[in-house]
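Below is the file input_26.txt, which contains compact mmCIF, C-alpha atoms and all ligand atoms.
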# COMPACT_ATOMS: atom_id res chain seq x y z
CA MET L 1 69.51 43.82 -50.74
CA PHE L 2 66.14 45.34 -49.95
CA GLU L 3 65.15 46.27 -53.52
CA SER L 4 61.58 45.31 -54.26
CA ASP L 5 60.72 43.62 -57.52
CA LEU L 6 57.00 43.99 -57.05
CA PRO L 7 55.03 44.30 -60.26
CA GLU L 8 53.71 47.78 -60.90
CA SER L 9 50.11 46.55 -61.18
CA ASN L 10 47.81 47.35 -58.28
CA LEU L 11 50.22 49.87 -56.83
CA SER L 12 47.87 52.81 -57.14
CA ASP L 13 45.77 52.30 -53.98
CA ALA L 14 48.81 51.58 -51.82
CA ASP L 15 50.68 54.58 -53.22
CA LEU L 16 47.67 56.87 -52.87
CA ILE L 17 47.19 55.85 -49.22
CA ASN L 18 50.90 56.32 -48.63
CA ASP L 19 50.83 59.80 -50.26
CA LEU L 20 47.77 60.86 -48.26
CA GLN L 21 49.26 59.66 -44.98
CA SER L 22 52.56 61.43 -45.59
CA HIS L 23 51.05 64.75 -46.73
CA GLY L 24 47.80 64.70 -44.75
CA MET L 25 44.65 66.25 -46.23
CA ARG L 26 42.88 69.61 -46.14
CA LEU L 27 39.13 69.51 -45.60
CA VAL L 28 36.90 72.06 -47.32
CA ASP L 29 34.48 71.52 -44.41
CA PRO L 30 36.46 70.61 -41.26
CA ARG L 31 33.28 69.32 -39.60
CA VAL L 32 32.93 66.23 -41.82
CA GLY L 33 33.87 62.85 -40.35
CA HIS L 34 34.43 62.22 -36.69
CA GLU L 35 37.58 62.89 -34.69
CA ALA L 36 38.84 59.34 -34.41
CA ARG L 37 42.33 60.24 -33.25
CA ARG L 38 42.98 63.47 -31.40
CA GLY L 39 45.52 63.42 -28.57
CA GLY L 40 46.07 60.14 -26.72
CA ALA L 41 49.04 57.79 -26.73
CA GLY L 42 51.09 57.38 -29.87
CA PRO L 43 50.22 58.85 -33.26
CA SER L 44 47.23 61.17 -33.34
CA ASP L 45 45.37 64.03 -35.07
CA HIS L 46 43.82 61.90 -37.81
CA LYS L 47 40.45 61.38 -39.42
CA ALA L 48 39.26 58.08 -40.88
CA ILE L 49 38.39 57.89 -44.58
CA THR L 50 37.39 54.90 -46.68
CA ILE L 51 38.99 54.47 -50.11
CA GLY L 52 37.31 51.60 -51.98
CA GLU L 53 37.10 48.87 -49.33
CA THR L 54 40.00 50.17 -47.23
CA THR L 55 39.61 52.52 -44.28
CA VAL L 56 42.71 54.49 -43.36
CA MET L 57 43.65 57.24 -40.96
CA VAL L 58 44.89 60.46 -42.54
CA PRO L 59 46.38 63.41 -40.62
CA VAL L 60 44.23 66.56 -40.62
CA HIS L 61 45.29 68.74 -37.71
CA THR L 62 49.04 68.74 -38.30
CA ALA L 63 51.33 71.37 -39.87
CA PRO L 64 52.01 69.29 -43.02
CA ALA L 65 48.26 68.65 -43.41
CA PHE L 66 47.58 72.40 -43.55
CA GLU L 67 49.98 72.58 -46.52
CA SER L 68 48.80 69.34 -48.14
CA PRO L 69 48.20 69.26 -51.90
CA PHE L 70 45.18 67.01 -51.23
CA LEU L 71 41.86 68.79 -50.81
CA VAL L 72 38.77 66.83 -49.71
CA GLU L 73 35.34 68.19 -50.59
CA PRO L 74 32.19 67.74 -48.49
CA PRO L 75 30.18 64.56 -49.21
CA ASP L 76 27.72 64.61 -52.14
CA ALA L 77 24.18 63.19 -51.98
CA LYS L 78 25.61 59.63 -52.17
CA GLY L 79 27.95 60.31 -49.24
CA GLN L 80 31.04 60.41 -51.45
CA SER L 81 33.70 63.11 -51.18
CA ARG L 82 35.94 64.10 -54.08
CA VAL L 83 39.68 64.24 -53.37
CA THR L 84 41.49 66.67 -55.65
CA ARG L 85 45.14 67.48 -56.22
CA ASP L 86 45.85 70.71 -58.10
CA GLY L 87 42.16 70.86 -59.03
CA ALA L 88 42.09 67.40 -60.63
CA GLU L 89 40.01 64.63 -59.05
CA ILE L 90 42.19 61.70 -58.00
CA ALA L 91 39.79 59.64 -55.87
CA LYS L 92 36.41 59.47 -54.18
CA VAL L 93 36.32 58.67 -50.47
CA ARG L 94 33.78 58.24 -47.69
CA PHE L 95 33.86 59.34 -44.07
CA PRO L 96 32.64 56.68 -41.59
CA THR L 97 29.59 57.92 -39.68
CA LYS L 98 29.68 58.79 -36.00
CA PRO L 99 29.33 55.61 -33.91
CA LYS L 100 26.06 55.13 -32.01
CA PHE L 101 27.79 54.30 -28.74
CA TYR L 102 29.13 57.88 -28.60
CA ASP L 103 25.61 58.99 -27.58
CA LEU L 104 25.68 56.94 -24.36
CA THR L 105 26.87 57.78 -20.86
CA THR L 106 27.80 55.49 -17.95
CA ALA L 107 25.59 55.32 -14.87
CA ASP L 108 28.15 57.54 -13.10
CA GLY L 109 27.87 60.17 -15.83
CA VAL L 110 30.96 59.60 -18.02
CA PRO L 111 30.32 59.81 -21.80
CA TYR L 112 31.27 56.52 -23.47
CA SER L 113 33.41 58.50 -25.96
CA GLN L 114 35.69 59.50 -23.08
CA ILE L 115 36.28 55.85 -22.23
CA ALA L 116 36.98 54.45 -25.70
CA THR L 117 36.87 55.71 -29.27
CA LEU L 118 36.18 54.19 -32.65
CA HIS L 119 39.30 53.92 -34.79
CA SER L 120 39.14 53.31 -38.50
CA ARG L 121 35.83 51.54 -39.21
CA ASP L 122 35.45 48.71 -36.72
CA VAL L 123 38.14 49.00 -34.04
CA LEU L 124 37.48 50.15 -30.50
CA ALA L 125 40.50 51.77 -28.86
CA THR L 126 41.25 53.01 -25.41
CA THR L 127 44.19 54.34 -23.42
CA VAL L 128 43.50 52.65 -20.07
CA LEU L 129 45.89 54.83 -18.07
CA GLN L 130 46.14 58.30 -19.52
CA THR L 131 49.23 59.09 -17.43
CA CYS L 132 52.77 57.81 -17.94
CA ILE L 133 56.03 57.70 -15.98
CA ARG L 134 57.76 58.72 -19.21
CA TYR L 135 55.60 61.85 -19.45
CA GLU L 136 56.31 63.29 -16.02
CA SER L 137 59.29 65.34 -17.16
CA ARG L 138 59.79 66.90 -20.59
CA LYS L 139 63.38 65.57 -20.44
CA LYS L 140 62.17 61.96 -20.38
CA THR L 141 59.00 62.18 -22.44
CA CYS L 142 58.64 60.57 -25.85
CA GLN L 143 58.82 63.64 -28.07
CA PHE L 144 56.03 62.52 -30.42
CA CYS L 145 53.48 61.60 -27.75
CA ALA L 146 50.30 63.51 -26.90
CA ILE L 147 49.04 61.29 -24.07
CA GLY L 148 48.48 64.26 -21.73
CA GLN L 149 46.70 66.46 -24.25
CA SER L 150 43.31 64.82 -24.50
CA LEU L 151 43.28 64.51 -20.70
CA ALA L 152 44.09 68.21 -20.27
CA ALA L 153 41.40 69.09 -22.82
CA GLY L 154 38.80 67.06 -20.90
CA ARG L 155 38.23 64.66 -23.80
CA THR L 156 39.04 61.60 -21.70
CA ILE L 157 39.49 60.39 -18.12
CA ALA L 158 42.76 59.43 -16.41
CA HIS L 159 41.96 55.82 -15.53
CA LYS L 160 39.28 53.77 -17.24
CA THR L 161 38.06 51.14 -14.80
CA PRO L 162 37.57 47.52 -15.88
CA ALA L 163 33.80 47.92 -15.39
CA GLN L 164 33.66 51.03 -17.59
CA LEU L 165 35.69 49.34 -20.34
CA ALA L 166 33.46 46.27 -20.25
CA GLU L 167 30.29 48.39 -20.47
CA VAL L 168 31.54 50.43 -23.43
CA ALA L 169 33.01 47.43 -25.28
CA LYS L 170 29.69 45.57 -25.05
CA ALA L 171 27.76 48.57 -26.36
CA ALA L 172 30.24 49.19 -29.19
CA VAL L 173 29.90 45.57 -30.33
CA GLU L 174 26.11 45.56 -30.08
CA LEU L 175 25.42 49.02 -31.54
CA ASP L 176 28.27 49.53 -34.00
CA GLY L 177 29.53 46.05 -34.90
CA VAL L 178 33.04 46.65 -33.56
CA LYS L 179 35.26 43.67 -34.47
CA HIS L 180 38.31 44.01 -32.22
CA MET L 181 39.75 46.27 -29.56
CA VAL L 182 43.05 47.94 -28.75
CA LEU L 183 43.98 48.52 -25.13
CA THR L 184 46.99 50.75 -24.81
CA THR L 185 48.31 52.47 -21.71
CA GLY L 186 50.73 55.01 -20.40
CA THR L 187 53.46 53.21 -18.47
CA PRO L 188 52.72 53.04 -14.72
CA LYS L 189 55.34 52.85 -11.96
CA GLY L 190 55.30 49.08 -11.36
CA ARG L 191 57.75 46.59 -12.82
CA ASP L 192 54.95 44.99 -14.84
CA ARG L 193 55.16 48.08 -17.13
CA GLY L 194 51.40 48.16 -17.72
CA ALA L 195 50.78 44.42 -18.06
CA ALA L 196 48.77 44.32 -14.82
CA VAL L 197 46.20 46.88 -16.06
CA MET L 198 45.96 44.85 -19.27
CA VAL L 199 45.13 41.77 -17.21
CA GLU L 200 42.38 43.40 -15.11
CA SER L 201 40.88 45.21 -18.11
CA ALA L 202 40.88 42.16 -20.40
CA ARG L 203 39.30 39.96 -17.76
CA ALA L 204 36.38 42.34 -17.31
CA ILE L 205 35.84 42.94 -21.03
CA LYS L 206 35.94 39.24 -21.91
CA ALA L 207 33.41 38.49 -19.15
CA ALA L 208 31.01 40.98 -20.77
CA VAL L 209 31.51 40.42 -24.49
CA ASP L 210 33.31 38.10 -26.91
CA LEU L 211 35.70 40.58 -28.53
CA PRO L 212 39.29 39.92 -29.71
CA LEU L 213 41.69 42.14 -27.75
CA GLN L 214 45.14 43.52 -28.32
CA GLY L 215 47.09 44.72 -25.30
CA GLN L 216 49.90 47.25 -25.69
CA CYS L 217 52.54 47.90 -23.04
CA GLU L 218 56.28 48.15 -22.55
CA PRO L 219 58.12 44.84 -22.11
CA PRO L 220 57.24 43.65 -18.59
CA ASP L 221 60.13 43.01 -16.25
CA ASP L 222 59.19 39.36 -15.87
CA ASP L 223 58.10 37.29 -18.89
CA ILE L 224 55.49 35.56 -16.72
CA TRP L 225 53.22 38.54 -17.52
CA HIS L 226 52.81 37.38 -21.11
CA GLN L 227 51.03 34.23 -19.96
CA ARG L 228 49.01 36.19 -17.39
CA MET L 229 47.82 38.57 -20.12
CA LYS L 230 46.94 35.68 -22.43
CA ASP L 231 45.05 33.88 -19.66
CA ALA L 232 43.08 37.05 -18.92
CA GLY L 233 41.87 37.30 -22.53
CA ILE L 234 44.50 39.32 -24.40
CA ASP L 235 44.71 37.72 -27.86
CA ALA L 236 47.56 39.75 -29.33
CA LEU L 237 50.31 41.85 -27.80
CA GLY L 238 52.01 45.03 -28.98
CA MET L 239 55.31 46.20 -27.49
CA HIS L 240 56.35 49.27 -29.40
CA LEU L 241 59.92 50.08 -30.36
CA GLU L 242 58.93 53.38 -32.08
CA ALA L 243 62.58 53.82 -33.21
CA VAL L 244 65.19 51.16 -33.94
CA THR L 245 68.58 52.93 -33.74
CA GLN L 246 69.90 53.64 -30.24
CA GLU L 247 70.95 57.21 -31.14
CA VAL L 248 67.45 57.97 -32.46
CA ARG L 249 65.84 56.30 -29.45
CA GLU L 250 67.86 58.42 -27.03
CA ARG L 251 67.08 61.65 -28.90
CA ILE L 252 63.36 61.04 -29.47
CA MET L 253 62.37 59.08 -26.36
CA PRO L 254 65.06 59.48 -23.71
CA GLY L 255 63.01 57.79 -20.99
CA LYS L 256 61.96 54.73 -22.95
CA ALA L 257 65.44 54.41 -24.50
CA THR L 258 66.75 53.36 -21.09
CA VAL L 259 65.01 50.04 -21.75
CA PRO L 260 67.64 48.31 -23.93
CA LEU L 261 66.73 47.00 -27.38
CA GLU L 262 67.90 43.59 -26.15
CA LYS L 263 65.12 43.64 -23.56
CA TYR L 264 62.56 44.22 -26.33
CA MET L 265 64.02 41.38 -28.38
CA SER L 266 63.99 38.90 -25.50
CA SER L 267 60.48 39.96 -24.54
CA PHE L 268 59.33 39.52 -28.16
CA GLU L 269 60.77 36.02 -28.18
CA ALA L 270 59.06 35.09 -24.94
CA ALA L 271 55.76 36.65 -26.09
CA VAL L 272 55.71 34.77 -29.42
CA LYS L 273 55.98 31.50 -27.44
CA VAL L 274 52.79 32.47 -25.59
CA PHE L 275 50.72 34.32 -28.22
CA GLY L 276 52.01 32.65 -31.40
CA ARG L 277 53.56 34.01 -34.62
CA ALA L 278 51.88 37.15 -35.98
CA GLN L 279 50.12 37.75 -32.65
CA VAL L 280 53.01 39.86 -31.32
CA SER L 281 53.73 43.15 -33.01
CA THR L 282 55.62 46.38 -32.70
CA TYR L 283 55.03 49.93 -33.92
CA ILE L 284 57.90 51.66 -35.70
CA LEU L 285 57.61 55.36 -36.58
CA ALA L 286 59.47 56.04 -39.82
CA GLY L 287 60.71 59.58 -40.37
CA LEU L 288 62.36 60.27 -37.02
CA GLY L 289 65.93 59.57 -38.12
CA ASP L 290 66.16 55.79 -38.57
CA THR L 291 67.46 54.99 -42.05
CA ARG L 292 65.50 52.86 -44.49
CA GLU L 293 68.23 50.19 -44.15
CA ALA L 294 68.01 50.19 -40.33
CA ILE L 295 64.22 49.83 -40.39
CA LEU L 296 64.32 47.07 -42.98
CA GLU L 297 67.09 45.24 -41.17
CA MET L 298 65.04 45.33 -37.96
CA GLY L 299 61.92 44.42 -39.97
CA GLN L 300 63.63 41.28 -41.27
CA LYS L 301 64.78 40.30 -37.77
CA LEU L 302 61.27 40.75 -36.42
CA CYS L 303 59.69 38.81 -39.29
CA ASP L 304 62.10 35.93 -38.63
CA MET L 305 60.95 35.92 -34.99
CA GLY L 306 57.26 36.01 -35.97
CA VAL L 307 56.80 39.60 -34.74
CA TYR L 308 54.74 41.85 -37.03
CA PRO L 309 56.72 45.05 -37.76
CA PHE L 310 54.02 47.70 -38.10
CA VAL L 311 55.87 50.60 -39.73
CA VAL L 312 53.85 53.82 -39.87
CA PRO L 313 54.75 57.30 -41.08
CA PHE L 314 55.60 59.66 -38.23
CA VAL L 315 52.90 62.33 -37.82
CA PRO L 316 53.94 65.60 -36.12
CA ILE L 317 51.21 66.22 -33.55
CA SER L 318 50.35 69.81 -32.67
CA GLY L 319 51.38 70.72 -29.13
CA THR L 320 54.17 68.10 -28.90
CA PRO L 321 57.92 68.92 -29.04
CA LEU L 322 58.00 67.43 -32.55
CA GLU L 323 55.11 69.47 -33.95
CA SER L 324 57.46 71.22 -36.42
CA HIS L 325 59.39 68.09 -37.36
CA PRO L 326 58.74 67.21 -41.00
CA ALA L 327 56.64 64.17 -41.89
CA PRO L 328 58.48 61.56 -43.97
CA LYS L 329 58.31 61.87 -47.75
CA PRO L 330 55.96 59.40 -49.48
CA GLU L 331 58.88 58.08 -51.57
CA PHE L 332 60.81 57.26 -48.37
CA MET L 333 57.78 55.45 -46.93
CA ALA L 334 57.13 53.52 -50.15
CA SER L 335 60.80 52.49 -50.31
CA ILE L 336 60.33 50.84 -46.90
CA LEU L 337 56.77 49.55 -47.09
CA ARG L 338 57.06 47.77 -50.44
CA PRO L 339 59.95 45.46 -49.49
CA LEU L 340 58.64 45.16 -45.93
CA GLY L 341 55.27 43.99 -47.31
CA GLU L 342 57.11 41.23 -49.16
CA MET L 343 59.08 40.19 -46.07
CA ILE L 344 55.87 39.96 -44.07
CA VAL L 345 54.14 37.83 -46.70
CA ARG L 346 57.15 35.53 -46.94
CA ALA L 347 57.24 35.16 -43.14
CA GLY L 348 53.52 34.23 -43.13
CA ILE L 349 52.59 36.92 -40.61
CA ARG L 350 50.30 39.20 -42.60
CA SER L 351 48.06 41.87 -41.13
CA GLU L 352 45.01 39.71 -41.83
CA ASP L 353 46.53 36.84 -39.80
CA ILE L 354 46.54 38.96 -36.64
CA LYS L 355 43.60 38.44 -34.27
CA ALA L 356 43.30 42.01 -32.96
CA GLY L 357 44.95 45.40 -32.75
CA CYS L 358 46.85 47.98 -34.74
CA GLY L 359 48.57 45.53 -37.07
CA LYS L 360 45.22 43.97 -37.95
CA CYS L 361 43.51 47.35 -38.32
CA GLY L 362 46.39 48.68 -40.38
CA ALA L 363 44.74 52.07 -40.89
CA CYS L 364 47.73 54.16 -39.77
CA SER L 365 49.97 52.87 -42.55
CA ALA L 366 49.77 51.71 -46.17
CA LEU L 367 51.69 48.56 -45.14
CA SER L 368 48.78 46.10 -45.25
CA THR L 369 47.84 47.38 -48.72
CA TYR L 370 51.39 46.67 -49.90
CA GLU L 371 51.06 43.15 -48.43
CA LYS L 372 48.16 42.52 -50.79
CA LEU L 373 50.31 43.17 -53.85
CA LYS L 374 51.45 40.03 -55.66
CA VAL L 375 54.77 38.89 -54.21
CA SER L 376 57.32 38.04 -56.86
CA ALA L 377 58.77 34.51 -56.87
S1 LIG H 401 46.32 51.24 -36.56
FE1 LIG H 401 45.99 51.35 -34.31
S2 LIG H 401 46.14 53.52 -33.80
FE2 LIG H 401 45.86 53.36 -36.05
S3 LIG H 401 43.63 53.53 -36.34
FE3 LIG H 401 44.10 51.36 -36.23
S4 LIG H 401 43.81 50.82 -34.10
FE4 LIG H 401 43.97 53.05 -34.18
Hey, can you dump this file as structure tokens for me?
Ligand code: SF4
Amino acid sequence: MFESDLPESNLSDADLINDLQSHGMRLVDPRVGHEARRGGAGPSDHKAITIGETTVMVPVHTAPAFESPFLVEPPDAKGQSRVTRDGAEIAKVRFPTKPKFYDLTTADGVPYSQIATLHSRDVLATTVLQTCIRYESRKKTCQFCAIGQSLAAGRTIAHKTPAQLAEVAKAAVELDGVKHMVLTTGTPKGRDRGAAVMVESARAIKAAVDLPLQGQCEPPDDDIWHQRMKDAGIDALGMHLEAVTQEVRERIMPGKATVPLEKYMSSFEAAVKVFGRAQVSTYILAGLGDTREAILEMGQKLCDMGVYPFVVPFVPISGTPLESHPAPKPEFMASILRPLGEMIVRAGIRSEDIKAGCGKCGACSALSTYEKLKVSA
């Protein structure tokens, strides 16, 4: 039922990105590129590279990456780095340069890079609250998450104030041409599940700079929060399932699994009414135990609702309980992303239709590259 009949043409970039993201890459010189994703909420431990016109995030600090068959050489005089596999060159890539706003510090002495970071090439990202009710006990924590690590390492601050976010967002737009911004958060105690910090942050940022924003939080208790977030300046909303089968949810994220899947589905429905089709999305980590069929079945349901199913390969982050869990095989990822790309195109909710956020950025998955393949009739 989910077999893809995509033509084989144009598959090489999508498959190469998929292979790199599943295996990770070894760097001859680990200092090249900037640490775009280290610690923080959700997937982490990546570096950004640009292949042709596409910038993607590839794991570098993970166990599979240390064993990766892909070796990346330092940049040549033209700024290009050779990628080899078994000694043979398979691609040339570039590392985005360090953003200029990283050199700045707030009036109260906090480096801008501790308030927000550059993801991919033109996305500003921040974890507004670096603490989470799900992270307070190892029994409840999401096993893949590293939200406490960058805080413990002093690479970020626990709560980014609306004023700090506005200051950094303005600078990142002016100095580095940032095009959209992701605001994620650890889940606070209140029943709004993080929606209230989205509201106060978005209001301040939008007052300072015209920048499309994606908010990310758990489904708020009351659907009224969707409209409040929209009114405050959130353009797109992410509510992340991470896993789609209840057994996998309970094993991987015992705290978050107490929120029933039905709550996510009803919140998605309410959010699409407020934000519109394609402007609501969810992150699904493939490789944690959900079958291909379960992910594609959920993907179809979400597409029908107008919710963008952003499926990314699970990356085992060092220091988390899942650091030794294997990354998914590239063949497994491709067997999901190809048909999912078709579903998304057919539903008219492509990555490029999204106003802001992870789905629009797309750098953590090869999914958006598969969407660009010609869909068969
Ligand atoms: S997809 Fe999301 S988490 Fe990944 S690089 Fe882009 S903005 Fe960051």
Margin query: Distance limit 6 Å, reference ligand LIG 401 (chain H), atoms considered: only C-alpha atoms and all ligand atoms. Which residues make the cut? Give them as a ChimeraX atom specification.
Written below: /L:57,119-120,123,357-358,361-364
Tell me, counting only C-alpha atoms, for each residue of region 67-184 of chain L within 8 Å of region 190-210 of chain L, which pair of atoms is nearest and how far apart they are in Å to one decimal, in rows ordered by chain and increasing number, as a Markdown table.
| residue | atom | partner | partner_atom | distance |
| --- | --- | --- | --- | --- |
| L:Val128 | CA | L:Val197 | CA | 7.5 |
| L:Thr161 | CA | L:Ser201 | CA | 7.4 |
| L:Pro162 | CA | L:Ser201 | CA | 4.6 |
| L:Ala163 | CA | L:Ala204 | CA | 6.4 |
| L:Leu165 | CA | L:Ile205 | CA | 6.4 |
| L:Ala166 | CA | L:Ile205 | CA | 4.2 |
| L:Glu167 | CA | L:Ala208 | CA | 7.5 |
| L:Ala169 | CA | L:Ile205 | CA | 6.8 |
| L:Lys170 | CA | L:Val209 | CA | 5.5 |
| L:Val173 | CA | L:Val209 | CA | 8.0 |
| L:Leu183 | CA | L:Met198 | CA | 7.2 |
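With distances taken over all atoms listed in the file, L:Pro309 is the one residue among L:Pro309, L:Gly24, L:Pro75, L:Pro326 lying closest to Val244 (chain L).
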Next item on the list: Tell me which of L:Ile147, L:Ile336, L:Cys132, L:Leu71 sits closest to Ala88 (chain L), counting all atoms listed in the file.
Entry: L:Leu71
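Among L:Pro328, L:Gly215, L:Gly289, L:Pro69, the residue with the shortest atom-to-atom distance to Glu247 (chain L), counting all atoms listed in the file, is L:Gly289.
In this model, the gap between CA of Ala48 (chain L) and CA of Glu218 (chain L) comes to 26.9 Å.
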Next item on the list: Please indicate the distance in Å from CA of Phe314 (chain L) to CA of Leu296 (chain L), rounded to one decimal place.
Entry: 16.0 Å
Next item on the list: Using all atoms listed in the file, find the one residue out of L:Ile157, L:Ile234, L:Leu241, L:Leu373 that sits nearest to Leu261 (chain L).
Entry: L:Leu241
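Distances to Val32 (chain L) were evaluated for L:Leu213, L:Ile49, L:Val307, L:Met333 using all atoms listed in the file, and the minimum falls at L:Ile49.
Reported to one decimal place, the separation of CA of Gly238 (chain L) from CA of Ser365 (chain L) is 15.8 Å.
Each of L:Gln216, L:Gln149, L:Thr127, L:Ser113 was compared to Thr282 (chain L) using all atoms listed in the file, and L:Gln216 turns out to be the nearest.
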Item checked: Shell of 8 Å around Leu340 (chain L), all atoms listed in the file, local chain residues under 2 positions omitted, as a PyMOL selection string -> chain L and resi 296+299-300+336-338+342-344+367
Next item on the list: Show which residues sit within 8 Å of Ala327 (chain L), as an MDAnalysis selection string. Count only C-alpha atoms, and ignore same-chain residues fewer than 3 positions away.
Entry: chainID L and resid 22:23 64 287 313:316
Using 4 Å of padding on each side, determine the axis-aligned box around all atoms of region 320-332 of chain L present in the file and give its centre and edge lengths in Å to one decimal, as AutoDock Vina command-line options.
--center_x 57.5 --center_y 64.2 --center_z -40.2 --size_x 14.6 --size_y 22.0 --size_z 30.7
With N, CA and C atoms as the target, complete region 325-338 of chain L and hand it back as a PDB file, in the coordinates of the input.
ATOM      1  N   HIS L 325      58.531  69.074 -36.680  1.00  0.00           N
ATOM      2  CA  HIS L 325      59.390  68.090 -37.360  1.00  0.00           C
ATOM      3  C   HIS L 325      58.693  67.666 -38.651  1.00  0.00           C
ATOM      4  N   PRO L 326      59.423  67.581 -39.768  1.00  0.00           N
ATOM      5  CA  PRO L 326      58.740  67.210 -41.000  1.00  0.00           C
ATOM      6  C   PRO L 326      58.221  65.766 -40.980  1.00  0.00           C
ATOM      7  N   ALA L 327      57.131  65.543 -41.693  1.00  0.00           N
ATOM      8  CA  ALA L 327      56.640  64.170 -41.890  1.00  0.00           C
ATOM      9  C   ALA L 327      57.531  63.536 -42.959  1.00  0.00           C
ATOM     10  N   PRO L 328      57.637  62.193 -42.949  1.00  0.00           N
ATOM     11  CA  PRO L 328      58.480  61.560 -43.970  1.00  0.00           C
ATOM     12  C   PRO L 328      57.888  61.731 -45.369  1.00  0.00           C
ATOM     13  N   LYS L 329      58.760  61.745 -46.350  1.00  0.00           N
ATOM     14  CA  LYS L 329      58.310  61.870 -47.750  1.00  0.00           C
ATOM     15  C   LYS L 329      57.649  60.555 -48.178  1.00  0.00           C
ATOM     16  N   PRO L 330      56.611  60.638 -49.027  1.00  0.00           N
ATOM     17  CA  PRO L 330      55.960  59.400 -49.480  1.00  0.00           C
ATOM     18  C   PRO L 330      56.917  58.432 -50.158  1.00  0.00           C
ATOM     19  N   GLU L 331      57.923  58.971 -50.871  1.00  0.00           N
ATOM     20  CA  GLU L 331      58.880  58.080 -51.570  1.00  0.00           C
ATOM     21  C   GLU L 331      59.691  57.276 -50.540  1.00  0.00           C
ATOM     22  N   PHE L 332      60.053  57.934 -49.431  1.00  0.00           N
ATOM     23  CA  PHE L 332      60.810  57.260 -48.370  1.00  0.00           C
ATOM     24  C   PHE L 332      59.942  56.132 -47.781  1.00  0.00           C
ATOM     25  N   MET L 333      58.671  56.465 -47.492  1.00  0.00           N
ATOM     26  CA  MET L 333      57.780  55.450 -46.930  1.00  0.00           C
ATOM     27  C   MET L 333      57.604  54.275 -47.889  1.00  0.00           C
ATOM     28  N   ALA L 334      57.354  54.592 -49.167  1.00  0.00           N
ATOM     29  CA  ALA L 334      57.130  53.520 -50.150  1.00  0.00           C
ATOM     30  C   ALA L 334      58.380  52.648 -50.270  1.00  0.00           C
ATOM     31  N   SER L 335      59.560  53.265 -50.154  1.00  0.00           N
ATOM     32  CA  SER L 335      60.800  52.490 -50.310  1.00  0.00           C
ATOM     33  C   SER L 335      60.998  51.536 -49.138  1.00  0.00           C
ATOM     34  N   ILE L 336      60.294  51.776 -48.035  1.00  0.00           N
ATOM     35  CA  ILE L 336      60.330  50.840 -46.900  1.00  0.00           C
ATOM     36  C   ILE L 336      59.163  49.854 -46.986  1.00  0.00           C
ATOM     37  N   LEU L 337      57.974  50.397 -47.214  1.00  0.00           N
ATOM     38  CA  LEU L 337      56.770  49.550 -47.090  1.00  0.00           C
ATOM     39  C   LEU L 337      56.663  48.485 -48.177  1.00  0.00           C
ATOM     40  N   ARG L 338      57.136  48.795 -49.388  1.00  0.00           N
ATOM     41  CA  ARG L 338      57.060  47.770 -50.440  1.00  0.00           C
ATOM     42  C   ARG L 338      57.869  46.537 -50.087  1.00  0.00           C
TER      43      ARG L 338
END
